[in-house]
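Enquirer: File follows, entry23.cif with mmCIF, C-alpha atoms and all ligand atoms:
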data_structure
loop_
_atom_site.label_atom_id
_atom_site.label_comp_id
_atom_site.auth_asym_id
_atom_site.auth_seq_id
_atom_site.Cartn_x
_atom_site.Cartn_y
_atom_site.Cartn_z
CA MET G 18 34.98 -20.88 0.87
CA ARG G 19 38.54 -21.36 -0.31
CA ALA G 20 39.30 -23.90 2.42
CA ARG G 21 36.62 -26.19 1.01
CA GLY G 22 38.48 -26.46 -2.30
CA SER G 23 35.31 -25.91 -4.31
CA ALA G 24 32.03 -24.11 -3.75
CA ASP G 25 28.96 -22.63 -5.33
CA PHE G 26 30.02 -18.98 -5.59
CA VAL G 27 26.41 -17.70 -5.40
CA GLU G 28 25.57 -19.63 -2.26
CA ALA G 29 28.94 -19.39 -0.52
CA PHE G 30 29.99 -15.85 -1.41
CA ALA G 31 27.70 -13.53 -3.40
CA PHE G 32 24.53 -14.13 -1.41
CA PRO G 33 25.99 -14.09 2.12
CA LEU G 34 28.12 -11.00 1.39
CA THR G 35 25.31 -8.91 -0.06
CA ILE G 36 22.65 -9.95 2.45
CA THR G 37 25.07 -9.22 5.32
CA VAL G 38 25.85 -5.75 3.97
CA ILE G 39 22.23 -4.76 3.46
CA CYS G 40 21.20 -6.20 6.86
CA GLU G 41 24.01 -4.33 8.62
CA LEU G 42 23.03 -1.14 6.84
CA LEU G 43 19.40 -1.52 7.88
CA GLY G 44 20.36 -2.73 11.35
CA VAL G 45 18.64 -6.12 11.23
CA PRO G 46 19.69 -7.90 14.44
CA LEU G 47 22.26 -10.63 14.01
CA GLU G 48 20.05 -13.30 15.54
CA ASP G 49 17.23 -12.57 13.03
CA ARG G 50 19.33 -12.90 9.91
CA PRO G 51 18.80 -16.59 9.18
CA ARG G 52 15.02 -16.07 9.41
CA PHE G 53 15.27 -12.95 7.35
CA ARG G 54 17.28 -14.72 4.74
CA THR G 55 14.76 -17.54 4.45
CA MET G 56 12.01 -14.99 3.93
CA THR G 57 13.78 -13.01 1.20
CA GLN G 58 14.86 -16.20 -0.52
CA ALA G 59 11.34 -17.58 -0.47
CA PHE G 60 10.18 -14.36 -2.04
CA PHE G 61 12.86 -14.15 -4.71
CA ASN G 62 12.62 -17.81 -5.64
CA PRO G 63 8.89 -18.42 -5.52
CA PRO G 64 7.71 -21.99 -5.96
CA ALA G 65 6.65 -22.87 -9.50
CA GLN G 66 3.32 -24.35 -8.42
CA GLY G 67 0.66 -22.65 -6.34
CA GLY G 68 2.96 -19.66 -6.80
CA MET G 69 0.78 -16.65 -6.11
CA GLU G 70 -0.68 -17.89 -2.84
CA ARG G 71 2.75 -18.79 -1.50
CA ILE G 72 4.16 -15.42 -2.57
CA ARG G 73 1.32 -13.63 -0.78
CA GLU G 74 1.87 -15.65 2.40
CA ASN G 75 5.59 -14.97 2.28
CA LEU G 76 5.05 -11.28 1.66
CA GLU G 77 2.61 -11.03 4.57
CA ARG G 78 5.02 -12.81 6.88
CA PHE G 79 7.83 -10.58 5.66
CA GLN G 80 5.74 -7.45 6.19
CA GLY G 81 4.86 -8.62 9.71
CA TYR G 82 8.53 -9.10 10.46
CA LEU G 83 9.48 -5.67 9.10
CA GLU G 84 6.67 -3.97 11.06
CA GLY G 85 7.93 -5.60 14.26
CA PHE G 86 11.48 -4.57 13.45
CA ILE G 87 10.50 -0.94 12.75
CA GLU G 88 8.57 -0.85 16.04
CA LEU G 89 11.60 -2.25 17.87
CA ARG G 90 13.79 0.52 16.44
CA ARG G 91 11.21 3.13 17.42
CA GLN G 92 11.61 1.97 21.01
CA GLN G 93 15.31 1.12 20.92
CA PRO G 94 17.10 3.45 18.48
CA GLN G 95 20.47 2.23 17.16
CA GLU G 96 23.04 3.59 14.75
CA ASP G 97 21.41 2.18 11.63
CA LEU G 98 19.46 3.30 8.60
CA VAL G 99 16.04 2.33 9.97
CA THR G 100 16.65 4.45 13.08
CA ALA G 101 17.83 7.31 10.84
CA LEU G 102 14.72 7.02 8.66
CA LEU G 103 12.52 7.05 11.78
CA ALA G 104 14.16 10.30 12.83
CA VAL G 105 13.73 11.97 9.43
CA GLU G 106 11.61 15.03 9.74
CA GLU G 107 10.68 17.43 7.00
CA GLN G 108 8.65 20.50 7.84
CA GLY G 109 7.30 18.78 10.92
CA ASP G 110 6.24 15.74 8.90
CA ARG G 111 7.53 12.25 9.67
CA LEU G 112 7.52 9.12 7.56
CA THR G 113 4.53 6.91 8.30
CA THR G 114 5.04 3.23 9.09
CA GLN G 115 3.70 2.47 5.59
CA GLU G 116 6.26 4.77 3.96
CA LEU G 117 9.03 3.31 6.09
CA LEU G 118 7.96 -0.21 5.17
CA SER G 119 8.00 0.67 1.46
CA MET G 120 11.46 2.20 1.73
CA VAL G 121 13.00 -0.70 3.64
CA TYR G 122 11.36 -3.17 1.29
CA LEU G 123 12.57 -1.24 -1.79
CA LEU G 124 16.12 -1.13 -0.45
CA LEU G 125 16.05 -4.86 0.09
CA VAL G 126 14.53 -5.82 -3.22
CA ALA G 127 16.38 -3.28 -5.37
CA GLY G 128 19.65 -3.63 -3.55
CA HIS G 129 20.14 -7.24 -2.94
CA GLU G 130 19.66 -9.63 -5.84
CA THR G 131 21.19 -7.13 -8.24
CA THR G 132 24.51 -7.10 -6.40
CA VAL G 133 24.47 -10.92 -6.05
CA HIS G 134 24.31 -11.19 -9.83
CA LEU G 135 26.85 -8.47 -10.51
CA LEU G 136 29.31 -10.56 -8.47
CA SER G 137 28.34 -13.93 -9.96
CA ASN G 138 27.95 -12.77 -13.60
CA GLY G 139 31.19 -10.80 -13.23
CA MET G 140 33.09 -13.77 -11.85
CA LEU G 141 31.76 -15.98 -14.62
CA GLU G 142 32.74 -13.55 -17.38
CA LEU G 143 36.23 -13.08 -15.95
CA LEU G 144 36.66 -16.86 -15.95
CA ARG G 145 35.41 -17.01 -19.53
CA HIS G 146 37.97 -14.34 -20.52
CA PRO G 147 41.24 -15.58 -19.00
CA ASP G 148 43.27 -12.77 -20.64
CA GLN G 149 41.13 -10.16 -18.83
CA LEU G 150 41.29 -12.11 -15.57
CA GLN G 151 45.06 -12.25 -15.89
CA ARG G 152 45.26 -8.55 -16.60
CA LEU G 153 43.22 -7.72 -13.53
CA ARG G 154 45.22 -10.06 -11.33
CA ALA G 155 48.46 -8.49 -12.55
CA ASP G 156 47.25 -4.92 -11.94
CA ARG G 157 44.61 -4.57 -9.27
CA SER G 158 44.46 -0.81 -9.73
CA LEU G 159 42.23 -1.82 -12.67
CA VAL G 160 39.51 -3.12 -10.32
CA PRO G 161 37.31 0.04 -10.44
CA SER G 162 37.39 0.11 -14.23
CA ALA G 163 36.81 -3.68 -14.36
CA VAL G 164 33.71 -3.25 -12.17
CA GLU G 165 32.35 -0.65 -14.62
CA GLU G 166 33.06 -2.95 -17.54
CA LEU G 167 31.36 -5.90 -15.82
CA LEU G 168 28.35 -3.68 -15.13
CA ARG G 169 28.25 -2.84 -18.83
CA TYR G 170 29.04 -6.29 -20.21
CA CYS G 171 27.00 -8.51 -17.88
CA GLY G 172 24.98 -6.22 -15.63
CA PRO G 173 22.31 -7.93 -13.52
CA LEU G 174 19.33 -5.80 -14.48
CA GLU G 175 17.94 -6.34 -17.95
CA LEU G 176 14.76 -4.21 -17.93
CA SER G 177 13.78 -0.95 -16.28
CA MET G 178 10.69 -0.46 -14.17
CA ALA G 179 7.63 0.42 -16.25
CA ARG G 180 7.40 3.81 -17.91
CA PHE G 181 4.15 5.10 -19.42
CA ALA G 182 4.03 7.08 -22.64
CA VAL G 183 2.48 10.50 -22.03
CA GLU G 184 1.45 10.91 -25.68
CA ASP G 185 1.36 8.98 -28.96
CA PHE G 186 4.73 8.83 -30.68
CA GLU G 187 6.85 6.69 -32.95
CA LEU G 188 10.25 5.23 -32.17
CA TYR G 189 12.29 3.60 -34.95
CA GLY G 190 9.06 2.95 -36.87
CA GLN G 191 7.31 1.45 -33.85
CA PRO G 192 4.14 3.35 -32.94
CA ILE G 193 3.66 3.79 -29.17
CA LYS G 194 0.32 5.01 -27.87
CA ALA G 195 -0.27 7.31 -24.90
CA HIS G 196 -0.44 5.35 -21.59
CA GLU G 197 1.23 2.27 -23.06
CA VAL G 198 3.93 0.66 -20.96
CA VAL G 199 7.49 1.17 -22.16
CA ARG G 200 10.44 -0.62 -20.60
CA LEU G 201 14.04 0.17 -21.35
CA ASP G 202 16.54 -2.60 -21.96
CA TYR G 203 19.75 -1.59 -20.19
CA LEU G 204 21.76 -4.54 -21.40
CA ALA G 205 20.94 -3.82 -25.06
CA ALA G 206 21.84 -0.14 -24.57
CA ASN G 207 25.13 -1.21 -23.02
CA ARG G 208 26.08 -3.00 -26.25
CA ASP G 209 25.29 -0.01 -28.48
CA PRO G 210 28.10 0.09 -31.08
CA GLU G 211 27.66 3.85 -31.42
CA GLN G 212 28.61 4.28 -27.77
CA PHE G 213 31.04 1.43 -27.24
CA PRO G 214 33.68 0.43 -29.80
CA GLU G 215 33.65 -3.38 -30.11
CA PRO G 216 30.71 -3.64 -27.69
CA ASN G 217 30.86 -7.44 -27.49
CA ARG G 218 34.43 -7.43 -26.24
CA LEU G 219 35.07 -7.53 -22.48
CA ASP G 220 37.83 -5.00 -21.79
CA VAL G 221 38.64 -4.30 -18.13
CA THR G 222 40.51 -1.14 -19.18
CA ARG G 223 37.64 0.32 -21.25
CA SER G 224 37.51 4.10 -21.09
CA PRO G 225 35.29 6.02 -21.52
CA ASN G 226 32.59 3.64 -20.34
CA LYS G 227 29.31 5.51 -20.04
CA HIS G 228 27.08 2.49 -19.46
CA VAL G 229 23.52 2.71 -18.14
CA ALA G 230 23.57 -0.36 -15.87
CA PHE G 231 22.33 1.85 -13.00
CA GLY G 232 19.72 3.63 -15.14
CA GLN G 233 19.64 7.32 -15.83
CA GLY G 234 17.78 10.45 -14.80
CA ILE G 235 15.71 10.97 -11.68
CA HIS G 236 15.43 7.25 -10.92
CA PHE G 237 19.16 6.65 -11.18
CA CYS G 238 20.04 3.83 -8.78
CA LEU G 239 20.17 5.03 -5.20
CA GLY G 240 22.49 2.19 -4.27
CA ALA G 241 25.05 2.63 -7.07
CA PRO G 242 27.86 3.84 -4.75
CA LEU G 243 27.24 0.89 -2.40
CA ALA G 244 27.11 -1.65 -5.23
CA ARG G 245 30.34 -0.24 -6.72
CA LEU G 246 32.04 -0.34 -3.33
CA GLU G 247 30.94 -3.91 -2.59
CA ALA G 248 31.93 -5.19 -6.03
CA GLY G 249 35.28 -3.35 -5.92
CA ILE G 250 36.24 -4.81 -2.54
CA ALA G 251 34.99 -8.26 -3.53
CA PHE G 252 36.84 -8.51 -6.86
CA ASP G 253 40.02 -7.06 -5.35
CA LEU G 254 40.05 -9.72 -2.63
CA LEU G 255 38.94 -12.51 -4.96
CA MET G 256 41.87 -11.75 -7.29
CA GLU G 257 44.26 -11.92 -4.35
CA ARG G 258 42.89 -14.93 -2.53
CA LEU G 259 41.78 -17.23 -5.33
CA PRO G 260 44.87 -17.54 -7.53
CA HIS G 261 43.72 -20.86 -9.05
CA VAL G 262 40.00 -20.23 -9.35
CA ARG G 263 38.23 -21.90 -12.28
CA LEU G 264 34.80 -23.05 -13.32
CA ALA G 265 33.96 -26.50 -11.96
CA VAL G 266 31.44 -27.28 -14.73
CA PRO G 267 31.36 -26.51 -18.47
CA PRO G 268 29.71 -23.07 -19.01
CA GLU G 269 26.87 -24.60 -21.05
CA GLN G 270 25.76 -26.58 -17.98
CA LEU G 271 25.12 -23.44 -15.94
CA GLN G 272 21.49 -22.72 -15.10
CA TRP G 273 20.21 -19.21 -15.72
CA ARG G 274 17.35 -17.53 -13.94
CA THR G 275 14.17 -17.44 -15.95
CA SER G 276 13.26 -13.89 -14.85
CA ALA G 277 12.85 -11.36 -17.69
CA GLN G 278 14.15 -8.63 -15.43
CA VAL G 279 17.14 -10.05 -13.59
CA ARG G 280 19.91 -11.76 -15.51
CA GLY G 281 22.08 -14.17 -13.60
CA VAL G 282 23.09 -17.78 -12.96
CA THR G 283 21.28 -19.66 -10.20
CA SER G 284 24.54 -21.24 -9.09
CA LEU G 285 28.20 -20.95 -10.08
CA PRO G 286 30.27 -24.00 -9.12
CA LEU G 287 33.93 -23.05 -8.76
CA SER G 288 37.08 -24.92 -7.90
CA PHE G 289 40.04 -23.33 -6.10
CA GLU G 290 42.59 -26.16 -6.19
CA PRO G 291 45.90 -25.52 -7.98
C1 LIG O 1 24.90 -3.98 -9.24
C2 LIG O 1 23.95 -3.59 -8.47
C3 LIG O 1 22.79 -2.72 -8.89
C4 LIG O 1 22.29 -2.44 -10.14
C5 LIG O 1 22.80 -2.94 -11.50
C6 LIG O 1 21.17 -1.56 -9.95
C7 LIG O 1 20.42 -1.01 -10.98
C8 LIG O 1 19.39 -0.11 -10.84
C9 LIG O 1 18.67 0.52 -11.92
C10 LIG O 1 18.92 0.28 -13.41
C11 LIG O 1 17.74 1.33 -11.38
C12 LIG O 1 16.76 2.22 -12.15
C13 LIG O 1 15.46 1.50 -12.42
C14 LIG O 1 14.54 2.31 -13.28
O1 LIG O 1 14.77 3.51 -13.50
O2 LIG O 1 13.57 1.74 -13.80
C15 LIG O 1 17.86 1.23 -9.94
C16 LIG O 1 17.09 1.91 -9.02
C17 LIG O 1 17.21 1.76 -7.66
N1 LIG O 1 18.18 1.06 -6.98
FE1 LIG O 1 19.63 -0.04 -7.80
N2 LIG O 1 21.00 -1.32 -8.61
C18 LIG O 1 21.97 -2.00 -7.92
C19 LIG O 1 22.19 -2.01 -6.57
C20 LIG O 1 21.42 -1.32 -5.64
C21 LIG O 1 21.66 -1.29 -4.21
C22 LIG O 1 22.83 -1.97 -3.51
C23 LIG O 1 20.65 -0.55 -3.66
C24 LIG O 1 20.35 -0.18 -2.24
C25 LIG O 1 21.08 -0.43 -1.21
C26 LIG O 1 19.80 -0.11 -4.75
C27 LIG O 1 18.67 0.67 -4.60
C28 LIG O 1 17.94 1.21 -5.63
C29 LIG O 1 16.76 2.05 -5.42
C30 LIG O 1 16.17 2.46 -4.09
C31 LIG O 1 16.31 2.42 -6.71
C32 LIG O 1 15.11 3.28 -7.05
C33 LIG O 1 15.56 4.70 -7.26
C34 LIG O 1 14.43 5.61 -7.69
O3 LIG O 1 13.44 5.14 -8.27
O4 LIG O 1 14.55 6.82 -7.47
N3 LIG O 1 20.30 -0.59 -5.94
N4 LIG O 1 18.89 0.36 -9.64
#
Can you give me the file's structure in the form of structure tokens?
Ligand code: HEM

Expert:
Amino acid sequence: MRARGSADFVEAFAFPLTITVICELLGVPLEDRPRFRTMTQAFFNPPAQGGMERIRENLERFQGYLEGFIELRRQQPQEDLVTALLAVEEQGDRLTTQELLSMVYLLLVAGHETTVHLLSNGMLELLRHPDQLQRLRADRSLVPSAVEELLRYCGPLELSMARFAVEDFELYGQPIKAHEVVRLDYLAANRDPEQFPEPNRLDVTRSPNKHVAFGQGIHFCLGAPLARLEAGIAFDLLMERLPHVRLAVPPEQLQWRTSAQVRGVTSLPLSFEP
């Protein structure tokens, strides 16, 4: 990426890194990755027109691929997560193909785009806050705390999965009826002035930093340690290897995803020339 002098950070770095990690974890064969990538991309960026039909076709093709892959691992076990899940046994009970499919699919969907946007939103915010970027560059032991602050300040997941009210209640004057859908806004919670002094300030040294970017409770993100590890390694190396990195377009020209759930730029043009 650096050798090219400039690049779209999403396309050249965040996407390939995260898809490679999740594919290696699952054990997707190297030769299948381009195909696999096309399928996930088609799913995550559905066409605007004739959308639903195309999504369904893509999902069916994707499911067919995953079924074939699971079958392959049943016959040829390897040292990967899919093989490990196939071997899971609890009280004589094994996961069905349907359960395995759901798990692999969940890991892909939950674990992939989120990390792409933690890297790209994080990079963007560091570039928009040169003092913080400088601080991090000067002291890379701050990387773990910077990752937590980027999760808080510009985390990739805006809304939780649906919750359903079990009974009628009122929250801040808003009546909520039993069975109504409630979704939690993590990014709003992460700017709560009662929790975070100066919540709108990016501070790579912030401590304590009890953000909820990975949710809370029994559905706390299963992939949080992996996401933290990936982002930590990535920002550490980016600080070292891109000493002259800067935005190649004015920030107001950046395109944001229209999703209500995921918050992130669709591309992040950067320049690396001194
Ligand atoms: C920066 C990256 C990530 C963020 C911000 C993030 C955020 C979240 C959040 C907020 C939830 C809770 C959703 C809810 O309760 O409604 C969640 C759940 C989940 N995440 Fe992540 N995630 C990230 C990366 C990953 C990765 C890398 C994986 C897998 C490899 C992953 C797998 C999961 C799974 C399986 C769940 C469902 C857990 C459950 O329902 O018990 N996530 N994530």

Enquirer: Excluding range 19-32 of chain G and residues on its chain fewer than 2 positions from it, collect all residues at most 12 Å away from it, counting all atoms listed in the file, and give them as a ChimeraX atom specification.

Expert: /G:34-40,54-55,57-58,128-141,247-248,251-252,254-255,257-266,271-272,281-291

Enquirer: Enumerate as a PyMOL selection string the residues within 8 Å of ligand LIG 1 (chain O), counting all atoms listed in the file.

Expert: chain G and resi 39+120+123-136+168+172-174+176-180+200-201+203+229-245+248

Enquirer: What is the CA of Arg218 in chain G-CA of Glu166 in chain G distance in Å, reported with one decimal?

Expert: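 Separation between CA of Arg218 in chain G and CA of Glu166 in chain G: 9.9 Å.
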
Enquirer: Please list as a ChimeraX atom specification every residue within 12 Å of Arg223 in chain G, counting only C-alpha atoms and excluding residues in the same chain fewer than 6 positions away.

Expert: /G:149,159-170,212-216

Enquirer: Which residue is closest to Tyr82 in chain G? Choose from G:Asp49, G:Asp97, G:Val105, G:Arg111 and count all atoms listed in the file.

Expert: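 Comparing G:Asp49, G:Asp97, G:Val105, G:Arg111 against Tyr82 in chain G, the winner is G:Asp49.
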
Enquirer: Quick check, in Å to one decimal: how far apart do CA of Pro46 in chain G and CA of Phe86 in chain G lie?

Expert: 8.9 Å

Enquirer: Separation of CA of Gln278 in chain G and CA of Ala205 in chain G, in Å?

Expert: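 CA of Ala205 in chain G lies 12.7 Å from CA of Gln278 in chain G.
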
Enquirer: Skipping near chain neighbours, those fewer than 5 positions away, what residues fall within 12 Å of Gly81 in chain G using all atoms listed in the file, listed as a PyMOL selection string?

Expert: chain G and resi 53+56+74-76+86-88+114-115+118+122

Enquirer: I'd like the neighbourhood of Ala195 in chain G as a list in words, where a residue qualifies if any of its atoms comes within 10 Å (using all atoms listed in the file), though same-chain residues fewer than 6 positions away should be ignored.

Expert: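 Answer for this query is Phe181, Ala182, Val183, Glu184, Asp185 and Phe186 of chain G.
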
Enquirer: Just write the chosen residues, C-alpha atoms, as a CSV table (one decimal), keeping the file's coordinate frame.

Expert:
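File written: selection.csv
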chain,number,residue,atom,x,y,z
G,181,PHE,CA,4.2,5.1,-19.4
G,182,ALA,CA,4.0,7.1,-22.6
G,183,VAL,CA,2.5,10.5,-22.0
G,184,GLU,CA,1.4,10.9,-25.7
G,185,ASP,CA,1.4,9.0,-29.0
G,186,PHE,CA,4.7,8.8,-30.7

Enquirer: Which is closest to Pro94 in chain G among G:Leu43, G:Leu112, G:Val121, G:Leu246, if we use only C-alpha atoms?

Expert: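 Looking only at the distances to Pro94 in chain G, the closest residue turns out to be G:Leu43.
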
Enquirer: Using all atoms listed in the file, pick whichever of G:Leu117, G:Gly249, G:Leu204, G:Glu269 has the shortest atom-to-atom distance to Asn217 in chain G.

Expert: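 The shortest atom-to-atom distance to Asn217 in chain G comes from G:Leu204.
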